[in-house]
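> Right, I'll just put the structure down here and ask away after.
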Amino acid sequence: MPMLRIITCICLCFLGGSIAQAQRLLPKQKGISLSWVAPAEAFTSSFSDDFGVQLGYSINAKRGNYKHFALEYQRRLYPYKSLNIPVERYIGAGGYSFALVSDSSKTVALNLGAEALLGYEVVNHSKSLLPDGALLKNENHFLYGAQVGLQIETYLSDHFLVLCSGKVAALWGSSFELLRPCATVGLRYMF
């Protein structure tokens with residue numbers, strides 16, 4: 001009989017926790033997020049080793065808007081004969097996200113964000129000579145630019161959100177492409 005009481009109490013705690021909803025998107029509420037970043041080229045092939053990860057920090061403002069700061073690592077492989085030449089990007093971002101639409105309980109929201117970017121690009125681990133004797137003309141560079149994107153956020157609970165976004169970045173200073181579209185999927189914890 002005591003075991004049945006314990007199980008009943010645990011079930012009631014979970015049931016009560018799922019019914020109550022905390023206020024969401026409060027000003028000055030903070031969040032930390034971890035996201036997986038996939039460049040648009042990763043979706044054109046059946047398997048791709050191109051990827052990125054992003055660690056973000058957000059501070060809510062009024063009306064569901066928020067400030068966003070992030071550190072991001074991206075790796076992309078460029079094919080050359082039978083080799084893959086790695087290009088790694090280390091990027092810091094800071095910007096603002098504007099709430100476009102959301103449901104009345106603020107469980108699901110669509111945001112438009114803009115960010116300034118600053119980073120560094122490393123080509124082939126800083127080695128300009130390839131194993132076949134070819135010389136790379138691409139060098140390591142500092143990067144700067146801007147990024148815009150649409151993001152869908154949905155609350156899993158009062159503290160956890162799932163983030164899905166599509167972004168395009170314009171990065172100057174690189175000897176590779178200027179416009180870089182990507183998709184991200186992540187999880188944010190609000191505190």
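Here, A, B, ... name the chains of the structure tokens in the order displayed, residue numbers run from 1 inside each chain, and ligands are numbered from 1 in the same displayed order.
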Compile the contact shell of region 55-63 of chain A as a ChimeraX atom specification: residues with an atom at most 6 Å away, counting only C-alpha atoms, same-chain residues fewer than 4 positions apart removed.
/A:27-34,67-71
> Going by DSSP on the backbone, which bits of chain A are strand (DSSP E)? Write them as a VMD selection string, please.
chain A and resid 30 to 39 51 to 60 66 to 80 83 to 102 108 to 123 141 to 155 160 to 172 179 to 190
> Would you mind exporting the chosen residues as a tab-separated table (two decimals), in the first residue's frame, restricted to C-alpha atoms?

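Wrote out-v3.tsv, looks like this:
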chain	number	residue	atom	x	y	z
A	30	LYS	CA	17.89	34.78	-19.91
A	31	GLY	CA	18.53	31.66	-21.93
A	32	ILE	CA	21.41	29.50	-23.07
A	33	SER	CA	21.20	27.46	-26.26
A	34	LEU	CA	23.11	24.76	-28.10
A	35	SER	CA	22.45	24.33	-31.82
A	36	TRP	CA	23.62	22.14	-34.69
A	37	VAL	CA	24.36	24.10	-37.89
A	38	ALA	CA	24.12	22.57	-41.37
A	39	PRO	CA	25.19	24.54	-44.46
A	51	PHE	CA	28.66	20.81	-39.94
A	52	GLY	CA	28.75	23.44	-37.24
A	53	VAL	CA	27.82	23.96	-33.61
A	54	GLN	CA	26.65	27.13	-31.93
A	55	LEU	CA	26.55	28.09	-28.26
A	56	GLY	CA	24.21	31.02	-27.69
A	57	TYR	CA	23.06	33.34	-24.91
A	58	SER	CA	19.87	35.38	-25.09
A	59	ILE	CA	18.28	38.11	-23.00
A	60	ASN	CA	14.57	38.76	-23.48
A	66	TYR	CA	15.42	39.40	-27.51
A	67	LYS	CA	19.14	40.15	-27.75
A	68	HIS	CA	21.27	37.23	-28.89
A	69	PHE	CA	24.99	36.52	-28.58
A	70	ALA	CA	26.68	33.37	-29.90
A	71	LEU	CA	29.95	31.59	-30.53
A	72	GLU	CA	29.97	29.30	-33.54
A	73	TYR	CA	32.31	26.72	-35.03
A	74	GLN	CA	31.81	25.59	-38.65
A	75	ARG	CA	33.71	23.03	-40.68
A	76	ARG	CA	33.30	22.53	-44.40
A	77	LEU	CA	35.20	20.15	-46.68
A	78	TYR	CA	36.02	21.25	-50.22
A	79	PRO	CA	36.83	18.37	-52.62
A	80	TYR	CA	40.13	18.43	-54.50
A	83	LEU	CA	41.34	14.87	-51.04
A	84	ASN	CA	39.01	16.93	-48.92
A	85	ILE	CA	40.40	20.33	-47.93
A	86	PRO	CA	38.98	21.44	-44.55
A	87	VAL	CA	37.94	25.04	-43.98
A	88	GLU	CA	37.12	25.92	-40.37
A	89	ARG	CA	35.39	29.09	-39.25
A	90	TYR	CA	35.31	30.48	-35.72
A	91	ILE	CA	32.63	33.14	-35.50
A	92	GLY	CA	31.26	35.44	-32.80
A	93	ALA	CA	27.80	36.89	-33.38
A	94	GLY	CA	25.66	39.51	-31.70
A	95	GLY	CA	22.25	40.77	-32.71
A	96	TYR	CA	18.57	41.23	-32.10
A	97	SER	CA	15.54	39.06	-32.83
A	98	PHE	CA	12.10	40.52	-33.48
A	99	ALA	CA	8.93	38.54	-32.71
A	100	LEU	CA	6.75	38.41	-35.83
A	101	VAL	CA	3.88	36.15	-34.73
A	102	SER	CA	3.09	33.80	-31.85
A	108	VAL	CA	5.10	28.75	-30.66
A	109	ALA	CA	6.70	31.87	-32.12
A	110	LEU	CA	8.17	33.01	-35.44
A	111	ASN	CA	11.06	35.49	-35.17
A	112	LEU	CA	13.15	37.51	-37.60
A	113	GLY	CA	16.74	38.07	-36.50
A	114	ALA	CA	19.70	40.15	-37.63
A	115	GLU	CA	23.26	39.72	-36.35
A	116	ALA	CA	26.71	41.19	-36.84
A	117	LEU	CA	29.46	38.60	-37.34
A	118	LEU	CA	33.18	38.65	-36.61
A	119	GLY	CA	35.47	35.66	-36.90
A	120	TYR	CA	38.49	33.86	-38.28
A	121	GLU	CA	38.79	31.31	-41.08
A	122	VAL	CA	41.46	28.57	-41.13
A	123	VAL	CA	42.14	26.83	-44.47
A	141	HIS	CA	41.61	35.37	-42.95
A	142	PHE	CA	39.67	37.46	-40.48
A	143	LEU	CA	35.97	37.55	-41.37
A	144	TYR	CA	33.29	40.16	-40.81
A	145	GLY	CA	29.73	40.45	-41.98
A	146	ALA	CA	26.05	40.19	-41.18
A	147	GLN	CA	23.42	37.49	-40.95
A	148	VAL	CA	19.62	37.47	-41.22
A	149	GLY	CA	17.25	34.61	-40.60
A	150	LEU	CA	13.83	33.31	-39.66
A	151	GLN	CA	13.46	31.18	-36.54
A	152	ILE	CA	10.61	29.07	-35.21
A	153	GLU	CA	10.66	28.48	-31.46
A	154	THR	CA	8.39	26.17	-29.53
A	155	TYR	CA	8.31	25.49	-25.80
A	160	PHE	CA	13.04	24.27	-22.57
A	161	LEU	CA	12.53	25.41	-26.17
A	162	VAL	CA	13.24	23.76	-29.51
A	163	LEU	CA	14.69	26.13	-32.13
A	164	CYS	CA	14.62	25.68	-35.91
A	165	SER	CA	15.94	28.38	-38.20
A	166	GLY	CA	17.05	29.21	-41.70
A	167	LYS	CA	19.74	31.87	-42.04
A	168	VAL	CA	21.92	33.46	-44.67
A	169	ALA	CA	25.24	35.09	-43.78
A	170	ALA	CA	27.29	37.51	-45.85
A	171	LEU	CA	30.94	37.17	-44.82
A	172	TRP	CA	33.63	39.43	-46.23
A	179	LEU	CA	26.71	34.32	-49.17
A	180	ARG	CA	26.38	31.25	-46.95
A	181	PRO	CA	22.90	29.87	-46.27
A	182	CYS	CA	22.41	27.39	-43.43
A	183	ALA	CA	19.81	25.68	-41.28
A	184	THR	CA	20.02	25.21	-37.52
A	185	VAL	CA	18.26	23.00	-35.01
A	186	GLY	CA	18.80	23.50	-31.31
A	187	LEU	CA	17.63	23.49	-27.73
A	188	ARG	CA	17.42	26.51	-25.41
A	189	TYR	CA	17.12	26.52	-21.61
A	190	MET	CA	15.46	29.61	-20.12
> Given only C-alpha atoms as the basis, pick out the residue of A:Ser82, A:Asn65, A:Asn124, A:Ser157 nearest to Thr107 (chain A).
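Comparing A:Ser82, A:Asn65, A:Asn124, A:Ser157 against Thr107 (chain A), the winner is A:Ser157.
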> Run DSSP on the backbone and tell me which residues of chain A come out as helix (DSSP H, G or I); list them as a ChimeraX atom specification.
/A:2-19,40-43,62-64,124-126
> Find the residue from A:Asp103, A:Glu177, A:Glu139, A:Asp49 that sits nearest to Lys127 (chain A); use only C-alpha atoms when measuring.
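The shortest atom-to-atom distance to Lys127 (chain A) comes from A:Glu139.
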